[in-house]
$ cat target_16.txt   # compact mmCIF, C-alpha atoms and all ligand atoms
# COMPACT_ATOMS: atom_id res chain seq x y z
CA LEU A 27 72.71 -63.10 -16.39
CA THR A 28 73.37 -61.18 -19.61
CA ASP A 29 69.64 -60.97 -20.27
CA VAL A 30 68.94 -59.51 -16.86
CA THR A 31 71.60 -56.85 -17.33
CA GLU A 32 70.13 -55.92 -20.68
CA ILE A 33 66.63 -55.58 -19.30
CA LYS A 34 67.87 -53.48 -16.40
CA SER A 35 69.80 -51.07 -18.60
CA LYS A 36 66.80 -50.32 -20.85
CA PRO A 37 65.11 -47.00 -19.99
CA VAL A 38 61.86 -47.68 -18.17
CA PRO A 39 58.96 -45.69 -19.66
CA THR A 40 57.46 -43.58 -16.90
CA LEU A 41 54.39 -42.58 -18.91
CA PRO A 42 51.71 -44.60 -20.71
CA ASP A 43 52.30 -44.39 -24.49
CA ALA A 44 55.55 -42.52 -23.86
CA ALA A 45 57.45 -40.88 -26.73
CA THR A 46 60.90 -39.38 -26.24
CA VAL A 47 61.50 -35.77 -27.26
CA LEU A 48 64.34 -35.42 -29.80
CA GLU A 49 64.46 -31.69 -30.56
CA VAL A 50 62.69 -28.45 -29.54
CA THR A 51 62.68 -25.15 -31.46
CA HIS A 52 61.29 -21.92 -30.02
CA TRP A 53 60.09 -19.58 -32.77
CA ASN A 54 59.14 -16.68 -30.52
CA ASP A 55 57.71 -16.27 -27.02
CA ARG A 56 54.37 -17.74 -28.15
CA LEU A 57 55.28 -20.53 -30.60
CA PHE A 58 57.45 -23.64 -30.55
CA SER A 59 57.83 -26.88 -32.47
CA PHE A 60 59.25 -30.20 -31.38
CA LYS A 61 60.17 -33.60 -32.73
CA VAL A 62 59.56 -36.88 -30.92
CA GLU A 63 60.47 -40.49 -31.60
CA ARG A 64 57.88 -42.21 -33.75
CA PRO A 65 56.48 -45.43 -32.27
CA ALA A 66 57.37 -48.23 -34.72
CA SER A 67 53.72 -49.26 -35.06
CA LEU A 68 52.31 -45.76 -35.68
CA ARG A 69 50.87 -45.35 -39.18
CA PHE A 70 49.04 -42.18 -40.22
CA ARG A 71 47.91 -40.24 -43.28
CA SER A 72 49.55 -36.82 -43.75
CA GLY A 73 47.21 -34.17 -42.32
CA GLU A 74 45.88 -36.29 -39.43
CA PHE A 75 46.10 -35.49 -35.72
CA VAL A 76 46.81 -37.47 -32.54
CA MET A 77 46.25 -36.85 -28.84
CA ILE A 78 49.43 -35.85 -27.03
CA GLY A 79 50.16 -34.49 -23.58
CA LEU A 80 51.74 -34.87 -20.17
CA MET A 81 50.70 -36.30 -16.81
CA GLY A 82 48.55 -33.78 -14.95
CA ASP A 83 49.19 -32.61 -11.40
CA PRO A 84 48.23 -35.09 -8.65
CA ASP A 85 44.62 -34.80 -7.45
CA PRO A 86 44.79 -32.99 -4.07
CA ASN A 87 42.39 -35.53 -2.51
CA THR A 88 43.41 -38.84 -4.00
CA GLY A 89 46.98 -38.08 -5.07
CA LYS A 90 46.19 -39.75 -8.40
CA GLN A 91 47.56 -38.33 -11.65
CA LYS A 92 45.57 -38.27 -14.86
CA PRO A 93 46.97 -37.62 -18.34
CA LEU A 94 46.38 -34.13 -19.71
CA LEU A 95 45.83 -34.60 -23.44
CA ARG A 96 45.06 -32.34 -26.40
CA ALA A 97 44.60 -32.92 -30.13
CA TYR A 98 47.70 -31.99 -32.14
CA SER A 99 48.08 -32.22 -35.89
CA ILE A 100 51.15 -34.17 -36.90
CA ALA A 101 53.27 -31.58 -38.76
CA SER A 102 55.67 -34.10 -40.30
CA PRO A 103 54.77 -36.13 -43.39
CA SER A 104 53.69 -39.76 -43.09
CA TRP A 105 56.99 -41.08 -44.49
CA GLU A 106 59.20 -39.25 -41.96
CA GLU A 107 61.03 -41.29 -39.33
CA HIS A 108 60.14 -38.98 -36.43
CA LEU A 109 56.94 -37.05 -35.55
CA GLU A 110 56.86 -33.25 -35.48
CA PHE A 111 54.38 -30.95 -33.72
CA TYR A 112 53.86 -27.17 -33.79
CA SER A 113 52.31 -25.49 -30.79
CA ILE A 114 51.33 -22.24 -29.19
CA LYS A 115 52.44 -21.41 -25.64
CA VAL A 116 49.54 -20.23 -23.52
CA PRO A 117 50.93 -18.85 -20.22
CA ASP A 118 48.03 -20.22 -18.17
CA GLY A 119 47.06 -23.01 -20.57
CA PRO A 120 46.78 -26.29 -18.64
CA LEU A 121 48.95 -28.21 -21.11
CA THR A 122 51.05 -25.74 -23.09
CA SER A 123 52.21 -23.80 -20.02
CA ARG A 124 54.11 -27.00 -19.15
CA LEU A 125 54.66 -28.52 -22.59
CA GLN A 126 56.66 -25.46 -23.68
CA HIS A 127 59.40 -26.44 -21.21
CA ILE A 128 60.09 -29.93 -22.63
CA GLN A 129 63.70 -30.73 -23.48
CA PRO A 130 65.35 -33.40 -25.63
CA GLY A 131 65.32 -36.66 -23.66
CA ASP A 132 62.03 -35.86 -21.89
CA GLN A 133 58.99 -37.99 -22.53
CA ILE A 134 55.50 -36.97 -23.58
CA ILE A 135 52.34 -39.05 -23.85
CA LEU A 136 51.36 -39.92 -27.42
CA ARG A 137 48.13 -41.86 -27.97
CA PRO A 138 48.76 -43.86 -31.12
CA LYS A 139 45.37 -43.35 -32.82
CA PRO A 140 45.69 -40.84 -35.66
CA VAL A 141 42.44 -39.43 -37.11
CA GLY A 142 41.28 -36.36 -39.03
CA THR A 143 39.52 -34.93 -42.05
CA LEU A 144 42.38 -32.97 -43.65
CA VAL A 145 43.45 -35.88 -45.82
CA VAL A 146 43.77 -36.17 -49.59
CA ASP A 147 41.26 -39.05 -49.61
CA ALA A 148 38.48 -36.75 -48.34
CA LEU A 149 38.61 -34.65 -51.53
CA LEU A 150 37.40 -35.38 -55.04
CA PRO A 151 40.16 -35.25 -57.70
CA GLY A 152 41.07 -31.73 -58.83
CA LYS A 153 43.81 -29.58 -60.36
CA ARG A 154 44.57 -27.00 -57.64
CA LEU A 155 44.75 -27.67 -53.93
CA TRP A 156 44.42 -24.76 -51.48
CA PHE A 157 45.62 -24.81 -47.87
CA PHE A 158 43.93 -22.06 -45.79
CA ALA A 159 45.46 -21.54 -42.34
CA THR A 160 45.74 -19.10 -39.47
CA GLY A 161 48.36 -19.35 -36.72
CA THR A 162 49.21 -22.91 -35.69
CA GLY A 163 46.58 -24.12 -38.17
CA ILE A 164 49.50 -24.47 -40.58
CA ALA A 165 50.57 -27.71 -38.80
CA PRO A 166 48.58 -30.26 -40.86
CA PHE A 167 49.72 -28.48 -44.04
CA ALA A 168 53.35 -28.69 -42.91
CA SER A 169 52.76 -32.44 -43.16
CA LEU A 170 50.81 -32.43 -46.44
CA MET A 171 53.26 -29.99 -48.10
CA ARG A 172 55.93 -32.70 -47.85
CA ASP A 173 53.75 -35.59 -49.05
CA PRO A 174 54.42 -36.91 -52.59
CA GLU A 175 50.73 -37.90 -52.96
CA VAL A 176 49.69 -34.23 -52.89
CA TYR A 177 51.95 -33.38 -55.84
CA GLU A 178 51.01 -36.54 -57.72
CA LYS A 179 47.33 -35.58 -57.52
CA TYR A 180 47.49 -31.79 -58.08
CA ASP A 181 49.13 -29.48 -60.63
CA GLU A 182 49.35 -26.60 -58.18
CA VAL A 183 49.32 -26.36 -54.36
CA ILE A 184 48.70 -22.96 -52.77
CA LEU A 185 49.32 -22.24 -49.09
CA MET A 186 47.60 -19.14 -47.67
CA HIS A 187 48.73 -18.50 -44.10
CA THR A 188 47.71 -15.48 -42.02
CA CYS A 189 49.16 -14.46 -38.67
CA ARG A 190 49.05 -11.27 -36.66
CA GLU A 191 52.81 -10.68 -36.79
CA VAL A 192 55.74 -11.50 -39.09
CA SER A 193 57.56 -13.68 -36.52
CA GLU A 194 54.55 -16.01 -36.41
CA LEU A 195 55.03 -16.79 -40.11
CA GLU A 196 58.65 -17.90 -39.66
CA TYR A 197 57.99 -21.63 -39.10
CA GLY A 198 56.03 -21.83 -42.37
CA ARG A 199 58.43 -19.58 -44.28
CA GLN A 200 61.45 -21.69 -43.35
CA LEU A 201 59.59 -24.89 -44.16
CA VAL A 202 58.61 -23.70 -47.65
CA GLU A 203 62.19 -22.51 -48.25
CA HIS A 204 63.51 -25.89 -47.12
CA ILE A 205 61.07 -27.78 -49.38
CA LYS A 206 62.17 -25.67 -52.36
CA SER A 207 65.92 -26.03 -51.69
CA ASP A 208 66.24 -29.59 -50.34
CA GLU A 209 67.27 -32.12 -52.96
CA ILE A 210 64.71 -34.79 -52.06
CA LEU A 211 61.83 -32.50 -51.07
CA SER A 212 62.13 -30.29 -54.16
CA GLU A 213 61.91 -33.40 -56.30
CA ILE A 214 58.69 -34.32 -54.50
CA GLU A 215 57.33 -30.77 -54.80
CA GLN A 216 58.16 -30.40 -58.53
CA GLY A 217 57.91 -26.59 -58.33
CA LYS A 218 54.15 -26.85 -57.67
CA LEU A 219 53.97 -25.21 -54.24
CA ARG A 220 52.97 -21.54 -54.03
CA TYR A 221 53.16 -19.64 -50.77
CA TYR A 222 50.97 -16.65 -49.87
CA PRO A 223 51.72 -15.50 -46.31
CA THR A 224 50.02 -12.42 -44.88
CA THR A 225 49.99 -10.50 -41.62
CA THR A 226 47.14 -8.50 -40.13
CA ARG A 227 48.76 -6.45 -37.36
CA GLU A 228 52.33 -5.83 -38.47
CA GLU A 229 53.71 -4.27 -41.66
CA PHE A 230 54.60 -6.94 -44.27
CA HIS A 231 54.81 -7.10 -48.07
CA HIS A 232 51.48 -8.94 -48.17
CA MET A 233 48.83 -8.02 -45.63
CA GLY A 234 45.20 -8.84 -44.83
CA ARG A 235 43.12 -11.76 -43.70
CA VAL A 236 42.94 -14.88 -45.90
CA THR A 237 39.19 -14.33 -46.10
CA ASP A 238 39.49 -10.71 -47.32
CA ASN A 239 42.18 -11.59 -49.87
CA LEU A 240 39.93 -14.32 -51.27
CA SER A 241 36.72 -12.24 -51.30
CA SER A 242 38.40 -9.25 -52.94
CA GLY A 243 40.18 -11.47 -55.48
CA LYS A 244 43.54 -9.95 -54.46
CA VAL A 245 45.20 -13.35 -54.06
CA PHE A 246 44.22 -14.40 -57.60
CA GLU A 247 45.58 -11.13 -58.96
CA ASP A 248 48.82 -11.33 -56.96
CA LEU A 249 49.47 -14.94 -58.04
CA GLY A 250 48.26 -14.35 -61.59
CA ILE A 251 45.76 -17.22 -61.48
CA ALA A 252 42.09 -17.81 -62.26
CA PRO A 253 39.58 -17.50 -59.41
CA ILE A 254 38.43 -20.56 -57.45
CA ASP A 255 36.23 -22.88 -59.54
CA PRO A 256 34.44 -25.99 -58.20
CA GLU A 257 35.52 -27.91 -61.32
CA THR A 258 39.24 -27.54 -60.62
CA ASP A 259 39.81 -26.29 -57.05
CA ARG A 260 39.95 -28.20 -53.76
CA GLY A 261 40.47 -26.71 -50.33
CA MET A 262 41.61 -27.65 -46.84
CA VAL A 263 40.88 -25.29 -43.95
CA CYS A 264 42.52 -25.14 -40.50
CA GLY A 265 42.28 -22.22 -38.13
CA ASN A 266 40.22 -20.80 -35.30
CA LEU A 267 36.47 -21.35 -35.26
CA ALA A 268 35.49 -17.94 -36.63
CA PHE A 269 38.04 -18.26 -39.44
CA ASN A 270 36.81 -21.73 -40.39
CA LYS A 271 33.22 -20.50 -40.48
CA ASP A 272 34.09 -17.46 -42.61
CA ILE A 273 36.21 -19.45 -45.08
CA MET A 274 33.48 -22.07 -45.41
CA ALA A 275 30.97 -19.35 -46.37
CA ILE A 276 33.41 -18.04 -49.00
CA LEU A 277 34.12 -21.50 -50.43
CA ASP A 278 30.39 -22.26 -50.48
CA GLY A 279 30.00 -18.98 -52.41
CA PHE A 280 32.49 -20.25 -55.01
CA GLY A 281 30.31 -23.36 -55.37
CA LEU A 282 32.51 -25.78 -53.38
CA ARG A 283 30.94 -28.26 -50.92
CA GLU A 284 32.27 -29.60 -47.64
CA GLY A 285 33.37 -33.24 -47.80
CA ALA A 286 34.49 -35.91 -45.35
CA ASN A 287 36.42 -39.18 -45.31
CA SER A 288 33.18 -41.06 -45.96
CA GLU A 289 31.96 -38.62 -48.61
CA PRO A 290 34.71 -36.81 -50.53
CA LYS A 291 33.74 -33.40 -51.98
CA GLU A 292 35.53 -30.12 -52.77
CA TYR A 293 36.79 -28.97 -49.35
CA VAL A 294 37.43 -30.17 -45.80
CA VAL A 295 37.76 -28.33 -42.47
CA GLU A 296 39.40 -28.90 -39.10
CA LYS A 297 39.73 -26.69 -36.03
CA ALA A 298 43.29 -25.76 -35.10
CA PHE A 299 44.50 -26.79 -31.67
CA VAL A 300 43.93 -24.19 -28.95
CA ASP A 301 44.91 -24.76 -25.31
P1 LIG B 401 43.11 -10.27 -37.13
O1 LIG B 401 44.42 -9.77 -36.63
O2 LIG B 401 42.46 -9.37 -38.12
O3 LIG B 401 42.18 -10.70 -36.02
P2 LIG B 401 44.42 -15.28 -33.71
O4 LIG B 401 45.84 -15.01 -33.25
O5 LIG B 401 43.41 -14.39 -33.08
O6 LIG B 401 44.05 -16.74 -33.68
O7 LIG B 401 44.41 -14.89 -35.25
C1 LIG B 401 45.34 -15.41 -36.14
C2 LIG B 401 45.15 -14.71 -37.47
O8 LIG B 401 43.87 -15.08 -37.99
C3 LIG B 401 45.16 -13.20 -37.35
O9 LIG B 401 45.90 -12.69 -38.43
C4 LIG B 401 43.70 -12.86 -37.42
O10 LIG B 401 43.44 -11.59 -38.01
C5 LIG B 401 43.15 -13.92 -38.32
N1 LIG B 401 41.73 -14.17 -38.10
C6 LIG B 401 41.09 -14.27 -36.92
N2 LIG B 401 39.78 -14.50 -37.09
C7 LIG B 401 39.57 -14.51 -38.42
C8 LIG B 401 38.42 -14.68 -39.23
N3 LIG B 401 37.20 -14.87 -38.72
N4 LIG B 401 38.59 -14.63 -40.57
C9 LIG B 401 39.81 -14.43 -41.10
N5 LIG B 401 40.93 -14.26 -40.40
C10 LIG B 401 40.82 -14.30 -39.06
$ encode --input "target_16.txt" --output "structure tokens"
Amino acid sequence: LTDVTEIKSKPVPTLPDAATVLEVTHWNDRLFSFKVERPASLRFRSGEFVMIGLMGDPDPNTGKQKPLLRAYSIASPSWEEHLEFYSIKVPDGPLTSRLQHIQPGDQIILRPKPVGTLVVDALLPGKRLWFFATGTGIAPFASLMRDPEVYEKYDEVILMHTCREVSELEYGRQLVEHIKSDEILSEIEQGKLRYYPTTTREEFHHMGRVTDNLSSGKVFEDLGIAPIDPETDRGMVCGNLAFNKDIMAILDGFGLREGANSEPKEYVVEKAFVD
């Protein structure tokens, strides 16, 4: 009898691969982040992505519901107990128009098959690691920035993040601040992380596209460092398609080559999630 009671009182998952939402933070009217319970069996490398989503609306003819899934970079590091995601809110986006309303206790679908190219293993050893991101493309770097392996393998880690407006930088700004001030994270980071945020459409102390600040050499001047060199520098790129293409051309110009899990080279690229 006891067993039956116990089984009955357990919450019944209503979704396939369900994960319970723990916390939701709204950064502005277009951006939010959330934490979900991590399935005990889920292993991933910092920088990888998974498919997450919700059940879609019932088909008007059959009444059947299909899962509505999108690729999301895991924004938390691989050692963290929970999983974190960072998302845009697209008013008429099939998934994010609904996902933005999730609350703690709700369930989302989480397909437990992490993959991706923005992993330390896909790069040859080097001295400086660059993270180039626009908008929500910062998500995989939010994970990597908290991974001890990154700081064990590199002397310096530089995050360049460009958004249109200052409020869109806030998630990254607070994360960097937390890494630098938290007792455990700052020990992992060893003072190696450098942060270069810029805006393009609102006044800020540093402005301009990542691409322009690299091409002009402004970022090297501002940080007081030597320009990118294929001998020492490694890069990871995550943003919209045009951004990725433009950064790749610049990195190619510096003599870096695109690598992959199967063939590590000097830089790797992944498209940021867009609804
Ligand atoms: P800009 O304001 O000059 O377009 P979006 O919100 O459109 O995804 O853009 C996010 C940020 O990425 C913006 O600051 C935007 O600058 C910048 N961006 C967009 N496309 C490119 C590109 N091809 N190269 C560099 N930066 C880009």
$ closest_residue --input "target_16.txt" --among "A:Gly163, A:Gly250, A:Gly279, A:Pro86" --to "ligand LIG 401 (chain B)" --atoms "only C-alpha atoms and all ligand atoms"
A:Gly163
$ atom_distance --input "target_16.txt" --atom1 "CA of Gln129 (chain A)" --atom2 "CA of Ala97 (chain A)"
20.3 Å
$ residues_near_ligand --input "target_16.txt" --ligand "ligand LIG 401 (chain B)" --cutoff "6 Å" --atoms "all atoms listed in the file" --output "VMD selection string"
chain A and resid 160 to 161 188 to 190 225 to 227 235 to 237 266 268 to 269 272
$ residues_near_point --input "target_16.txt" --point "(59.1, -30.0, -27.4)" --cutoff "12 Å" --atoms "all atoms listed in the file" --output "PyMOL selection string"
chain A and resi 45-53+57-63+78-80+109-115+122-135
$ atom_distance --input "target_16.txt" --atom1 "CA of Gln200 (chain A)" --atom2 "CA of Gly217 (chain A)"
16.2 Å
$ closest_residue --input "target_16.txt" --among "A:Ile251, A:Ile210, A:Leu267, A:Ile100" --to "Ala159 (chain A)" --atoms "only C-alpha atoms"
A:Leu267
$ atom_distance --input "target_16.txt" --atom1 "CA of Glu229 (chain A)" --atom2 "CA of Tyr197 (chain A)"
18.1 Å
$ residues_around --input "target_16.txt" --residues "Leu240 (chain A)" --least-positions-apart "5" --cutoff "10 Å" --atoms "all atoms listed in the file" --output "compact mmCIF listing (two decimals) with C-alpha atoms, in the frame of the given file"
# COMPACT_ATOMS: atom_id res chain seq x y z
CA MET A 186 47.60 -19.14 -47.67
CA GLY A 234 45.20 -8.84 -44.83
CA ARG A 235 43.12 -11.76 -43.70
CA VAL A 245 45.20 -13.35 -54.06
CA PHE A 246 44.22 -14.40 -57.60
CA PRO A 253 39.58 -17.50 -59.41
CA ILE A 254 38.43 -20.56 -57.45
CA ILE A 273 36.21 -19.45 -45.08
CA ILE A 276 33.41 -18.04 -49.00
CA LEU A 277 34.12 -21.50 -50.43
$ closest_residue --input "target_16.txt" --among "A:Met171, A:Ala101, A:Leu136, A:Leu94" --to "Val76 (chain A)" --atoms "only C-alpha atoms"
A:Leu136
$ closest_residue --input "target_16.txt" --among "A:Tyr293, A:Tyr222, A:Trp156, A:Trp105" --to "Asn239 (chain A)" --atoms "only C-alpha atoms"
A:Tyr222
$ decode --input "target_16.txt" --residues "region 249-273 of chain A" --atoms "N, CA, C and O atoms" --output "tab-separated table (two decimals), in the first residue's frame"
chain	number	residue	atom	x	y	z
A	249	LEU	N	42.56	47.39	-25.45
A	249	LEU	CA	42.95	46.39	-24.44
A	249	LEU	C	44.46	46.35	-24.23
A	249	LEU	O	44.94	45.64	-23.34
A	250	GLY	N	45.19	47.08	-25.07
A	250	GLY	CA	46.64	47.11	-24.93
A	250	GLY	C	47.29	45.76	-25.23
A	250	GLY	O	48.17	45.31	-24.49
A	251	ILE	N	46.82	45.11	-26.28
A	251	ILE	CA	47.32	43.76	-26.61
A	251	ILE	C	47.78	43.70	-28.06
A	251	ILE	O	47.40	44.55	-28.88
A	252	ALA	N	48.55	42.66	-28.38
A	252	ALA	CA	49.02	42.47	-29.76
A	252	ALA	C	47.87	42.00	-30.64
A	252	ALA	O	46.94	41.36	-30.14
A	253	PRO	N	47.91	42.33	-31.94
A	253	PRO	CA	46.86	41.87	-32.84
A	253	PRO	C	46.77	40.34	-32.92
A	253	PRO	O	47.69	39.64	-32.48
A	254	ILE	N	45.67	39.86	-33.50
A	254	ILE	CA	45.44	38.42	-33.61
A	254	ILE	C	46.51	37.77	-34.50
A	254	ILE	O	46.85	38.28	-35.57
A	255	ASP	N	47.04	36.64	-33.99
A	255	ASP	CA	48.14	35.94	-34.65
A	255	ASP	C	47.79	34.44	-34.66
A	255	ASP	O	47.47	33.88	-33.61
A	256	PRO	N	47.87	33.79	-35.82
A	256	PRO	CA	47.48	32.37	-35.88
A	256	PRO	C	48.31	31.46	-34.98
A	256	PRO	O	47.89	30.37	-34.63
A	257	GLU	N	49.50	31.92	-34.59
A	257	GLU	CA	50.35	31.12	-33.70
A	257	GLU	C	49.76	31.03	-32.30
A	257	GLU	O	49.87	29.99	-31.64
A	258	THR	N	49.15	32.14	-31.84
A	258	THR	CA	48.75	32.23	-30.44
A	258	THR	C	47.23	32.31	-30.21
A	258	THR	O	46.76	31.97	-29.14
A	259	ASP	N	46.49	32.81	-31.22
A	259	ASP	CA	45.07	33.14	-30.99
A	259	ASP	C	44.11	32.08	-31.53
A	259	ASP	O	44.31	31.54	-32.61
A	260	ARG	N	43.05	31.85	-30.74
A	260	ARG	CA	41.98	30.93	-31.13
A	260	ARG	C	40.66	31.66	-30.97
A	260	ARG	O	40.52	32.51	-30.08
A	261	GLY	N	39.69	31.34	-31.81
A	261	GLY	CA	38.43	32.07	-31.77
A	261	GLY	C	37.21	31.17	-31.79
A	261	GLY	O	37.25	30.07	-32.34
A	262	MET	N	36.14	31.66	-31.16
A	262	MET	CA	34.84	31.00	-31.24
A	262	MET	C	33.83	32.08	-31.61
A	262	MET	O	33.84	33.17	-31.01
A	263	VAL	N	32.97	31.78	-32.58
A	263	VAL	CA	32.08	32.78	-33.15
A	263	VAL	C	30.62	32.33	-33.00
A	263	VAL	O	30.30	31.20	-33.36
A	264	CYS	N	29.75	33.22	-32.50
A	264	CYS	CA	28.33	32.87	-32.41
A	264	CYS	C	27.47	34.12	-32.53
A	264	CYS	O	27.42	34.97	-31.65
A	265	GLY	N	26.79	34.23	-33.65
A	265	GLY	CA	25.90	35.37	-33.87
A	265	GLY	C	24.99	35.10	-35.05
A	265	GLY	O	24.81	33.94	-35.44
A	266	ASN	N	24.44	36.16	-35.63
A	266	ASN	CA	23.58	35.95	-36.80
A	266	ASN	C	24.43	35.57	-38.01
A	266	ASN	O	25.66	35.69	-37.99
A	267	LEU	N	23.77	35.11	-39.05
A	267	LEU	CA	24.50	34.57	-40.21
A	267	LEU	C	25.46	35.55	-40.85
A	267	LEU	O	26.61	35.21	-41.16
A	268	ALA	N	25.00	36.80	-41.03
A	268	ALA	CA	25.84	37.82	-41.67
A	268	ALA	C	27.07	38.09	-40.81
A	268	ALA	O	28.19	38.22	-41.33
A	269	PHE	N	26.86	38.17	-39.50
A	269	PHE	CA	27.96	38.41	-38.56
A	269	PHE	C	28.98	37.27	-38.65
A	269	PHE	O	30.19	37.51	-38.77
A	270	ASN	N	28.48	36.05	-38.61
A	270	ASN	CA	29.40	34.90	-38.66
A	270	ASN	C	30.25	34.94	-39.92
A	270	ASN	O	31.46	34.70	-39.88
A	271	LYS	N	29.59	35.26	-41.03
A	271	LYS	CA	30.29	35.30	-42.32
A	271	LYS	C	31.37	36.38	-42.31
A	271	LYS	O	32.51	36.15	-42.73
A	272	ASP	N	31.01	37.55	-41.79
A	272	ASP	CA	31.95	38.68	-41.77
A	272	ASP	C	33.13	38.41	-40.83
A	272	ASP	O	34.27	38.72	-41.16
A	273	ILE	N	32.85	37.84	-39.68
A	273	ILE	CA	33.94	37.52	-38.73
A	273	ILE	C	34.86	36.47	-39.33
A	273	ILE	O	36.09	36.56	-39.21
